[in-house]
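A.B. asks: As input, take start.cif (mmCIF, C-alpha atoms and all ligand atoms):
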data_entry
#
loop_
_atom_site.label_atom_id
_atom_site.label_comp_id
_atom_site.auth_asym_id
_atom_site.auth_seq_id
_atom_site.Cartn_x
_atom_site.Cartn_y
_atom_site.Cartn_z
CA MET A 85 16.93 -4.22 17.39
CA ASN A 86 18.27 -2.55 20.54
CA ALA A 87 17.00 0.76 21.95
CA LYS A 88 20.09 2.68 20.81
CA GLN A 89 19.80 1.50 17.21
CA LEU A 90 16.12 2.34 17.22
CA ALA A 91 16.78 5.82 18.66
CA THR A 92 19.26 6.45 15.82
CA ILE A 93 16.63 5.45 13.28
CA ARG A 94 13.95 7.60 14.94
CA ASP A 95 16.31 10.60 14.76
CA GLU A 96 16.15 10.29 10.98
CA PHE A 97 12.38 10.94 11.02
CA PRO A 98 12.04 14.57 12.19
CA VAL A 99 8.28 14.56 12.78
CA LEU A 100 8.67 11.86 15.44
CA GLN A 101 10.36 14.47 17.65
CA ARG A 102 7.30 16.73 17.82
CA THR A 103 4.55 16.94 20.39
CA VAL A 104 0.77 16.87 19.87
CA HIS A 105 -1.47 18.41 22.54
CA ASP A 106 1.67 18.76 24.70
CA GLN A 107 2.35 15.02 24.56
CA PRO A 108 5.11 13.31 22.59
CA LEU A 109 3.64 12.18 19.27
CA ILE A 110 2.94 8.45 19.04
CA TYR A 111 2.33 7.83 15.37
CA LEU A 112 0.31 4.67 14.77
CA ASP A 113 -1.36 5.58 11.49
CA ASN A 114 1.34 4.16 9.25
CA ALA A 115 -1.06 2.24 7.03
CA ALA A 116 -2.64 5.56 6.04
CA THR A 117 0.73 7.10 5.31
CA SER A 118 4.22 6.61 6.70
CA GLN A 119 6.51 9.31 8.06
CA LYS A 120 9.44 10.58 5.99
CA PRO A 121 13.17 10.24 6.62
CA LYS A 122 15.46 13.28 6.44
CA ALA A 123 17.13 11.72 3.41
CA MET A 124 13.88 12.03 1.42
CA ILE A 125 13.01 15.51 2.68
CA GLU A 126 16.52 16.80 1.95
CA GLY A 127 16.48 15.01 -1.42
CA MET A 128 13.38 16.91 -2.44
CA LEU A 129 14.82 20.21 -1.22
CA ASP A 130 18.07 19.55 -3.08
CA TYR A 131 16.22 18.67 -6.28
CA TYR A 132 14.15 21.86 -6.25
CA THR A 133 17.08 24.00 -5.09
CA TYR A 134 19.67 22.86 -7.63
CA HIS A 135 18.30 20.65 -10.40
CA ASN A 136 14.67 21.45 -11.16
CA ALA A 137 13.72 21.04 -14.82
CA ASN A 138 11.22 18.97 -16.76
CA SER A 139 12.51 15.49 -17.53
CA HIS A 140 12.66 13.94 -21.03
CA ARG A 141 12.15 17.30 -22.72
CA GLY A 142 15.04 19.78 -22.84
CA VAL A 143 18.65 19.38 -23.99
CA HIS A 144 20.02 21.89 -21.47
CA GLN A 145 22.08 20.81 -18.47
CA LEU A 146 19.30 20.97 -15.87
CA ALA A 147 16.94 18.97 -18.08
CA LEU A 148 19.62 16.32 -18.57
CA GLU A 149 20.30 16.12 -14.83
CA SER A 150 16.62 15.87 -14.07
CA THR A 151 16.08 13.12 -16.67
CA GLU A 152 19.09 11.17 -15.47
CA ALA A 153 18.04 11.34 -11.81
CA PHE A 154 14.46 10.39 -12.69
CA GLU A 155 15.47 7.35 -14.76
CA ALA A 156 18.06 6.25 -12.18
CA VAL A 157 15.28 5.84 -9.61
CA ARG A 158 13.33 3.65 -12.02
CA GLY A 159 16.37 1.37 -12.01
CA GLN A 160 16.58 1.45 -8.22
CA ILE A 161 12.92 0.42 -7.89
CA ALA A 162 13.35 -2.34 -10.48
CA ASP A 163 16.27 -3.70 -8.43
CA TRP A 164 14.28 -3.45 -5.18
CA LEU A 165 11.39 -5.45 -6.69
CA GLN A 166 13.70 -7.67 -8.79
CA VAL A 167 12.10 -6.90 -12.14
CA GLN A 168 13.18 -5.14 -15.35
CA THR A 169 13.44 -1.37 -15.64
CA ASN A 170 10.92 -1.15 -18.52
CA GLU A 171 8.35 -2.82 -16.26
CA ILE A 172 8.33 0.05 -13.72
CA ILE A 173 5.87 2.85 -14.44
CA PHE A 174 5.27 6.03 -12.46
CA ASN A 175 1.87 7.53 -11.66
CA SER A 176 0.21 9.31 -8.76
CA GLY A 177 -0.56 6.36 -6.45
CA THR A 178 -2.06 2.90 -6.06
CA THR A 179 -5.48 4.28 -6.98
CA GLU A 180 -4.25 5.62 -10.30
CA GLY A 181 -2.28 2.43 -10.96
CA ILE A 182 -5.32 0.18 -10.54
CA ASN A 183 -7.45 2.55 -12.62
CA ALA A 184 -4.77 2.52 -15.34
CA ILE A 185 -4.86 -1.29 -15.40
CA ALA A 186 -8.64 -1.61 -15.13
CA PHE A 187 -9.20 0.78 -18.03
CA GLY A 188 -5.99 0.16 -20.01
CA LEU A 189 -6.07 -3.64 -19.79
CA GLY A 190 -9.63 -4.43 -18.68
CA LEU A 191 -11.25 -2.60 -21.60
CA SER A 192 -8.94 -4.44 -24.05
CA VAL A 193 -9.37 -7.98 -22.75
CA LEU A 194 -12.87 -8.17 -21.24
CA GLU A 195 -15.98 -9.15 -23.19
CA PRO A 196 -19.59 -9.69 -22.13
CA GLY A 197 -19.86 -12.76 -19.90
CA ASP A 198 -16.17 -12.68 -18.87
CA LYS A 199 -15.37 -12.76 -15.18
CA ILE A 200 -13.30 -10.51 -12.94
CA PHE A 201 -12.25 -12.32 -9.76
CA LEU A 202 -11.85 -10.07 -6.69
CA THR A 203 -12.30 -10.51 -2.94
CA GLN A 204 -14.76 -8.73 -0.67
CA LEU A 205 -11.77 -7.56 1.38
CA GLU A 206 -10.53 -5.08 -1.22
CA HIS A 207 -9.85 -1.41 -0.60
CA HIS A 208 -12.32 0.57 -2.74
CA ALA A 209 -9.37 1.41 -5.02
CA ASN A 210 -9.31 -2.25 -6.10
CA LEU A 211 -13.06 -2.65 -6.36
CA VAL A 212 -14.71 0.47 -7.77
CA PRO A 213 -12.57 0.71 -10.99
CA TRP A 214 -13.50 -2.93 -11.74
CA GLN A 215 -17.17 -2.21 -11.11
CA GLU A 216 -16.99 0.59 -13.70
CA VAL A 217 -15.08 -1.55 -16.20
CA ALA A 218 -17.57 -4.40 -15.68
CA LYS A 219 -20.41 -1.99 -16.56
CA LEU A 220 -18.62 -0.85 -19.72
CA THR A 221 -17.68 -4.32 -20.95
CA GLY A 222 -20.54 -6.54 -19.75
CA ALA A 223 -18.10 -8.56 -17.65
CA GLU A 224 -19.18 -9.88 -14.27
CA ILE A 225 -17.49 -9.48 -10.86
CA VAL A 226 -17.17 -12.70 -8.86
CA PHE A 227 -15.81 -12.72 -5.32
CA MET A 228 -13.29 -15.43 -4.55
CA PRO A 229 -14.11 -17.41 -1.40
CA VAL A 230 -12.04 -16.70 1.71
CA ASP A 231 -11.65 -18.76 4.87
CA PRO A 232 -14.22 -17.33 7.33
CA GLN A 233 -11.75 -17.53 10.23
CA THR A 234 -8.49 -16.31 8.72
CA TYR A 235 -9.77 -14.35 5.68
CA VAL A 236 -7.09 -16.03 3.57
CA ILE A 237 -8.24 -16.77 0.01
CA ASP A 238 -9.57 -20.34 -0.14
CA LEU A 239 -7.43 -21.75 -2.94
CA GLN A 240 -9.37 -24.96 -3.36
CA GLY A 241 -12.59 -22.97 -3.43
CA VAL A 242 -11.10 -20.75 -6.14
CA ALA A 243 -9.97 -23.76 -8.19
CA LYS A 244 -13.54 -25.10 -8.14
CA ILE A 245 -15.01 -21.96 -9.74
CA LEU A 246 -12.20 -21.13 -12.19
CA ASP A 247 -12.84 -21.47 -15.89
CA GLN A 248 -11.74 -19.88 -19.15
CA SER A 249 -14.18 -16.97 -18.72
CA VAL A 250 -12.04 -15.59 -15.87
CA LYS A 251 -9.93 -12.89 -17.54
CA ILE A 252 -8.82 -10.80 -14.56
CA VAL A 253 -7.90 -11.80 -11.02
CA ALA A 254 -7.26 -8.78 -8.80
CA THR A 255 -6.55 -8.96 -5.08
CA HIS A 256 -4.75 -7.20 -2.28
CA HIS A 257 -1.45 -8.69 -1.09
CA VAL A 258 -1.92 -7.49 2.51
CA SER A 259 -5.31 -6.21 3.74
CA ASN A 260 -5.40 -2.59 4.93
CA VAL A 261 -8.03 -3.48 7.54
CA ILE A 262 -7.09 -6.86 8.98
CA GLY A 263 -3.48 -7.20 7.85
CA VAL A 264 -3.96 -10.68 6.41
CA GLN A 265 -1.39 -11.64 3.76
CA GLN A 266 -2.75 -13.49 0.74
CA PRO A 267 -0.84 -16.48 -0.72
CA ILE A 268 -0.12 -14.82 -4.06
CA ASN A 269 2.39 -17.45 -5.17
CA GLU A 270 -0.02 -20.34 -4.70
CA LEU A 271 -2.91 -18.34 -6.12
CA SER A 272 -0.99 -17.51 -9.30
CA LYS A 273 -0.06 -21.19 -9.77
CA ILE A 274 -3.73 -22.21 -9.63
CA ILE A 275 -4.81 -19.38 -11.92
CA ARG A 276 -2.13 -20.27 -14.49
CA GLU A 277 -3.12 -23.93 -14.38
CA TYR A 278 -6.75 -23.29 -15.29
CA THR A 279 -6.90 -19.97 -17.19
CA ASN A 280 -5.03 -17.24 -19.07
CA ALA A 281 -6.34 -14.61 -16.66
CA HIS A 282 -4.23 -11.57 -15.85
CA ILE A 283 -3.23 -11.36 -12.19
CA ILE A 284 -3.21 -7.88 -10.69
CA ILE A 285 -2.00 -7.25 -7.14
CA ASP A 286 -2.73 -4.26 -4.92
CA GLY A 287 0.53 -3.99 -3.00
CA ALA A 288 -0.28 -0.75 -1.12
CA GLN A 289 0.07 -2.41 2.29
CA SER A 290 2.78 -4.95 1.51
CA VAL A 291 5.79 -3.17 -0.01
CA SER A 292 6.82 -1.55 3.24
CA HIS A 293 6.58 -4.80 5.23
CA LEU A 294 7.82 -7.57 2.93
CA LYS A 295 10.89 -8.47 0.93
CA LEU A 296 9.52 -8.78 -2.58
CA ASN A 297 10.66 -10.62 -5.65
CA LEU A 298 7.89 -9.90 -8.12
CA LYS A 299 9.32 -12.15 -10.83
CA ASN A 300 8.97 -15.13 -8.49
CA LEU A 301 5.34 -14.23 -7.79
CA ASP A 302 4.48 -14.82 -11.47
CA ILE A 303 1.91 -12.02 -11.64
CA ASP A 304 1.06 -9.48 -14.34
CA ALA A 305 0.88 -6.26 -12.37
CA TYR A 306 1.57 -4.84 -8.91
CA CYS A 307 0.64 -1.34 -7.72
CA PHE A 308 1.73 0.65 -4.69
CA SER A 309 2.10 4.19 -3.35
CA ALA A 310 5.46 5.68 -2.38
CA HIS A 311 3.92 7.58 0.54
CA LYS A 312 3.17 4.34 2.38
CA MET A 313 6.81 3.34 2.03
CA TYR A 314 8.55 6.34 3.62
CA GLY A 315 8.37 8.24 0.33
CA PRO A 316 6.50 11.34 -0.83
CA THR A 317 2.79 11.69 -1.56
CA GLY A 318 1.74 12.10 -5.19
CA LEU A 319 3.84 9.19 -6.47
CA GLY A 320 2.64 5.73 -7.36
CA ILE A 321 4.57 2.84 -8.82
CA MET A 322 3.10 0.25 -11.10
CA TYR A 323 4.90 -2.92 -12.16
CA ILE A 324 3.56 -4.16 -15.48
CA ASN A 325 5.00 -7.47 -16.60
CA GLU A 326 6.61 -7.12 -20.02
CA ARG A 327 4.47 -9.94 -21.39
CA ILE A 328 1.31 -7.79 -21.17
CA HIS A 329 2.71 -4.56 -22.61
CA GLN A 330 1.08 -5.40 -25.94
CA ASP A 331 -2.33 -6.00 -24.35
CA MET A 332 -2.37 -2.98 -22.09
CA ALA A 333 -3.22 0.37 -23.65
CA PRO A 334 -2.12 3.67 -22.12
CA PHE A 335 -4.51 5.21 -19.62
CA LYS A 336 -3.42 8.83 -20.10
CA TYR A 337 -2.81 10.28 -23.55
CA GLY A 338 -0.80 13.44 -24.19
CA GLY A 339 2.69 14.84 -24.11
CA GLU A 340 5.84 12.70 -24.29
CA MET A 341 4.14 9.30 -24.46
CA ILE A 342 3.96 9.41 -28.27
CA ASN A 343 6.25 8.66 -31.21
CA GLN A 344 4.32 10.26 -34.01
CA VAL A 345 1.17 12.37 -33.95
CA ASP A 346 -0.78 12.76 -37.20
CA ASP A 347 -3.89 14.90 -37.48
CA PHE A 348 -6.29 12.10 -36.72
CA SER A 349 -4.21 9.35 -35.13
CA SER A 350 -1.01 8.77 -33.20
CA ASN A 351 1.33 5.99 -32.22
CA TYR A 352 2.97 5.52 -28.90
CA LYS A 353 6.35 4.90 -27.36
CA VAL A 354 7.23 1.58 -25.74
CA SER A 355 6.83 0.92 -22.00
CA PRO A 356 7.44 2.53 -19.57
CA TRP A 357 7.07 5.85 -21.39
CA LYS A 358 3.84 4.99 -23.24
CA TYR A 359 2.15 4.81 -19.83
CA GLU A 360 3.58 8.12 -18.60
CA GLY A 361 1.72 10.90 -20.44
CA GLY A 362 2.32 14.47 -19.23
CA THR A 363 4.82 15.96 -16.81
CA GLN A 364 5.84 13.39 -14.26
CA PRO A 365 6.16 13.80 -10.44
CA ILE A 366 9.91 14.31 -10.90
CA ALA A 367 10.79 15.73 -7.48
CA GLU A 368 8.79 12.92 -5.87
CA VAL A 369 10.55 10.25 -7.92
CA VAL A 370 13.99 11.69 -7.19
CA SER A 371 13.29 12.03 -3.48
CA PHE A 372 11.82 8.49 -3.35
CA GLY A 373 15.20 7.35 -4.66
CA LYS A 374 16.71 8.90 -1.50
CA THR A 375 14.21 6.95 0.62
CA LEU A 376 15.34 3.76 -1.09
CA ASP A 377 19.02 4.66 -0.54
CA TYR A 378 18.21 5.15 3.13
CA LEU A 379 16.18 1.92 3.49
CA SER A 380 18.88 -0.03 1.64
CA GLN A 381 21.37 0.67 4.38
CA LEU A 382 19.01 -0.39 7.19
CA PRO A 383 18.77 -3.99 8.45
CA MET A 384 15.27 -4.40 6.99
CA ASP A 385 14.81 -8.04 8.01
CA GLU A 386 15.52 -7.14 11.61
CA LEU A 387 13.23 -4.12 11.43
CA TRP A 388 10.38 -6.18 10.01
CA GLU A 389 10.84 -8.63 12.88
CA HIS A 390 10.70 -5.71 15.29
CA GLU A 391 7.45 -4.47 13.67
CA GLN A 392 5.93 -7.92 13.96
CA ALA A 393 6.98 -8.24 17.61
CA LEU A 394 5.32 -4.89 18.38
CA THR A 395 2.18 -5.96 16.52
CA ASP A 396 2.02 -9.24 18.45
CA ARG A 397 2.57 -7.37 21.72
CA LEU A 398 -0.27 -4.96 20.95
CA ILE A 399 -2.67 -7.70 19.84
CA HIS A 400 -1.82 -9.78 22.89
CA GLN A 401 -2.45 -6.90 25.32
CA LEU A 402 -5.62 -5.66 23.64
CA SER A 403 -7.10 -9.13 23.39
CA ALA A 404 -6.56 -9.59 27.14
CA MET A 405 -8.81 -6.56 27.83
CA ASP A 406 -12.53 -7.06 28.49
CA GLY A 407 -14.79 -5.26 26.07
CA VAL A 408 -12.24 -5.01 23.25
CA SER A 409 -13.08 -6.80 19.99
CA ILE A 410 -10.27 -7.54 17.57
CA TYR A 411 -11.27 -8.11 13.95
CA GLN A 412 -8.49 -10.30 12.66
CA ASP A 413 -7.19 -13.78 13.10
CA ILE A 414 -4.70 -13.21 15.91
CA SER A 415 -2.80 -16.40 15.15
CA GLN A 416 -1.49 -14.89 11.87
CA GLU A 417 1.15 -12.27 11.08
CA THR A 418 -0.74 -9.09 10.30
CA HIS A 419 2.05 -6.82 9.08
CA GLY A 420 1.65 -4.01 11.57
CA ILE A 421 -2.13 -3.71 11.34
CA VAL A 422 -4.50 -4.09 14.31
CA SER A 423 -8.23 -3.41 13.81
CA TYR A 424 -10.42 -3.38 16.88
CA ASN A 425 -13.25 -1.63 18.69
CA ILE A 426 -13.85 -0.75 22.30
CA GLU A 427 -17.33 -1.86 23.39
CA ALA A 428 -19.96 0.90 23.47
CA ILE A 429 -17.52 3.60 22.27
CA HIS A 430 -17.86 4.94 18.77
CA PRO A 431 -14.48 4.59 16.99
CA HIS A 432 -14.44 8.31 16.13
CA ASP A 433 -14.91 9.25 19.79
CA ALA A 434 -12.15 6.84 20.80
CA ALA A 435 -9.80 8.16 18.09
CA THR A 436 -10.40 11.71 19.34
CA ALA A 437 -9.60 10.62 22.88
CA TYR A 438 -6.35 8.99 21.68
CA ASP A 439 -5.48 12.19 19.82
CA LEU A 440 -5.74 14.20 23.03
CA GLU A 441 -2.99 11.92 24.38
CA GLY A 442 -0.77 12.60 21.35
CA ILE A 443 -1.63 9.28 19.69
CA ALA A 444 -2.50 9.18 15.99
CA ILE A 445 -4.61 6.22 14.88
CA ARG A 446 -7.32 5.83 12.26
CA ALA A 447 -11.05 5.33 12.79
CA GLY A 448 -13.50 4.59 10.01
CA HIS A 449 -14.39 2.07 7.35
CA HIS A 450 -10.88 2.29 5.88
CA CYS A 451 -12.31 2.48 2.33
CA ALA A 452 -13.40 -1.15 2.65
CA GLN A 453 -17.17 -1.01 3.12
CA PRO A 454 -17.88 -4.56 1.83
CA LEU A 455 -15.44 -5.92 4.43
CA MET A 456 -17.10 -3.80 7.16
CA ARG A 457 -20.37 -5.52 6.26
CA ILE A 458 -18.71 -8.92 6.66
CA LEU A 459 -17.30 -7.85 10.04
CA ASN A 460 -20.75 -6.50 10.84
CA VAL A 461 -19.54 -3.08 12.03
CA PRO A 462 -19.80 0.37 10.45
CA ALA A 463 -16.22 1.25 11.39
CA THR A 464 -13.19 0.12 13.37
CA LEU A 465 -10.22 1.63 15.11
CA ARG A 466 -6.98 0.77 13.36
CA ALA A 467 -3.53 1.07 14.89
CA SER A 468 -0.80 0.51 12.32
CA ILE A 469 2.82 0.06 13.24
CA SER A 470 6.10 0.91 11.56
CA PHE A 471 9.66 -0.09 12.36
CA TYR A 472 10.28 3.29 14.06
CA ASN A 473 7.68 2.56 16.77
CA THR A 474 8.87 1.40 20.17
CA VAL A 475 7.82 -1.05 22.88
CA GLU A 476 7.27 1.92 25.21
CA GLU A 477 4.86 3.49 22.72
CA ILE A 478 2.86 0.27 22.44
CA ASP A 479 2.66 -0.12 26.22
CA TYR A 480 1.62 3.51 26.66
CA PHE A 481 -0.98 3.03 23.93
CA VAL A 482 -2.47 0.10 25.86
CA GLN A 483 -2.57 2.15 29.09
CA VAL A 484 -4.37 4.94 27.25
CA THR A 485 -6.83 2.41 25.81
CA LYS A 486 -7.67 1.32 29.36
CA ARG A 487 -8.11 4.96 30.43
CA ILE A 488 -10.38 5.73 27.47
CA LYS A 489 -12.49 2.69 28.24
CA GLU A 490 -12.81 3.75 31.86
CA PHE A 491 -13.58 7.34 31.01
CA PHE A 492 -16.44 6.39 28.69
CA GLU A 493 -17.75 3.83 31.19
CA HIS A 494 -17.51 5.87 34.41
CA GLY A 495 -16.57 9.45 33.50
CA PHE A 496 -13.44 11.30 34.59
CA ARG A 497 -11.98 10.25 37.97
CA LYS A 498 -9.37 12.23 39.87
C1 LIG A 501 -4.85 -1.81 0.25
C2 LIG A 501 -4.91 -0.41 -0.32
N1 LIG A 501 -5.11 -0.24 -1.62
C3 LIG A 501 -5.16 0.97 -2.19
C4 LIG A 501 -4.99 2.10 -1.45
C5 LIG A 501 -5.03 3.45 -2.11
O1 LIG A 501 -3.78 4.08 -2.01
P1 LIG A 501 -3.61 5.60 -2.47
O2 LIG A 501 -4.65 6.37 -1.72
O3 LIG A 501 -2.22 5.94 -2.07
O4 LIG A 501 -3.84 5.64 -3.94
C6 LIG A 501 -4.79 1.99 -0.07
C7 LIG A 501 -4.65 3.19 0.78
O5 LIG A 501 -4.86 3.17 1.96
C8 LIG A 501 -4.73 0.70 0.51
O6 LIG A 501 -4.52 0.54 1.82
#
Produce structure tokens that represent the structure in this file.
C.D. replies:
Amino acid sequence: MNAKQLATIRDEFPVLQRTVHDQPLIYLDNAATSQKPKAMIEGMLDYYTYHNANSHRGVHQLALESTEAFEAVRGQIADWLQVQTNEIIFNSGTTEGINAIAFGLGLSVLEPGDKIFLTQLEHHANLVPWQEVAKLTGAEIVFMPVDPQTYVIDLQGVAKILDQSVKIVATHHVSNVIGVQQPINELSKIIREYTNAHIIIDGAQSVSHLKLNLKNLDIDAYCFSAHKMYGPTGLGIMYINERIHQDMAPFKYGGEMINQVDDFSSNYKVSPWKYEGGTQPIAEVVSFGKTLDYLSQLPMDELWEHEQALTDRLIHQLSAMDGVSIYQDISQETHGIVSYNIEAIHPHDAATAYDLEGIAIRAGHHCAQPLMRILNVPATLRASISFYNTVEEIDYFVQVTKRIKEFFEHGFRK
């Protein structure tokens, strides 16, 4: 990726042109949410300006246009993930997707004594719903072992503790804190060999960094949020494998997800619509389609390589600095995520100091408190990289890190 090509891409993301505290913005909080291309922003404006109507309801022209545009994006997403259109369901985000599966599937398949396999690396969105479902069903949460060095799921360790009582296996694909990628393919093979468990993947941090073919992964469900993939907030996507549509009940009941409503009972449409009660985030879906159009014409493989090169450069430079602790296995690809701390500086103070230099990064527990306990820290700094970041930004970021360290050690020097 040469500088000219990258500049052309950056021009498509208007917010990257702004300043923060009189400094050019350096946006390194992409794991929290990504920035939006003009194509998406203009797509949303166009939808509200010319086509706005509720989908799947009216017979008038606007309603038909809205429905057609909405359903076309379902097809686009199915193609992107290489699955069937009826397996793509819209909701408000990864959090809602995992809740829909925990309550819609978990309550149907779990019985007292059954096991839910998770890891201690999960984002709270893939832990807390299972805790609640475990309480309601009498099922038990068991944490799969991970390699203490790499944090990759220990497949042999998992095989040793698998038995027929395991009904759900739910894990992240890429960790939001340490960027580790889990071997989902190999994991699903082991699970299928020993059990009939349903395999649920939290893909919030993977979709924007990996080429996915969900059919090849042989999983039952995959959830992600459009806003982390250059799309709008308020839109989540859930892949539900057709083979579990019978087992998984709707999570939201109400308008447009039904066939027939009698006074005391109702029956429901088939997937995807049975999982989409109420008015849908139509403008978000339509504008996410514009994001996908835009991404489809970019050389994504090259851009992912560029992201990884920037990540390696950052890790390399930070790990060469005294007093900086990095919390991930630096020999692995970490998909744009770098978690670290600067000795004796609270991460919130450091993040504020970065902000004064126009740099946006995240400080906190990243909604992964069990993992923070394993790392033995209350919080970390997290820089997260996207393909629109540049080598110059990474090098400037490292210089600022040195300055922050010096400032907190010795005070301001002229
Ligand atoms: C791994 C992971 N899972 C789930 C979520 C929740 O996503 P959302 O807040 O968009 O529902 C996040 C958000 O940061 C995440 O990183």
A.B. asks: My list of candidates is A:Thr151, A:Asn210, A:Ser249, A:Gln215. Which is closest to A:Asn136 when distances are computed with only C-alpha atoms?
C.D. replies: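 Counting only C-alpha atoms, the residue closest to A:Asn136 is A:Thr151.
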A.B. asks: For A:Asp396, find every residue with an atom within 10 Å (counting all atoms listed in the file), except residues of its own chain fewer than 4 positions away, and show them as number ranges by chain.
C.D. replies: A: 390-392, 400-402, 414-422
A.B. asks: Atom CA of A:His293 to atom CA of A:Gln412: how many Å, to one decimal?
C.D. replies: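 We find that atom CA of A:His293 and atom CA of A:Gln412 lie 17.7 Å from each other.
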A.B. asks: Between A:Gly338, A:Gly315, A:Gly177, A:Pro383, which is the closest to ligand LIG 501 (chain A) once you count all atoms listed in the file?
C.D. replies: A:Gly177
A.B. asks: Which residues are near ligand LIG 501 (chain A) - at most 6 Å, using all atoms listed in the file? Format: as a PyMOL selection string.
C.D. replies: chain A and resi 116+177-179+207+209+256+259-260+286+288-289+309
A.B. asks: Nearest to A:Lys244 among A:Leu387, A:Ile274, A:Ala467, A:Ile161, with distances taken over all atoms listed in the file: which residue is it?
C.D. replies: A:Ile274
A.B. asks: My list of candidates is A:Asn460, A:Ser150, A:Asn138, A:Gln265. Which is closest to A:Leu294 when distances are computed with all atoms listed in the file?
C.D. replies: A:Gln265
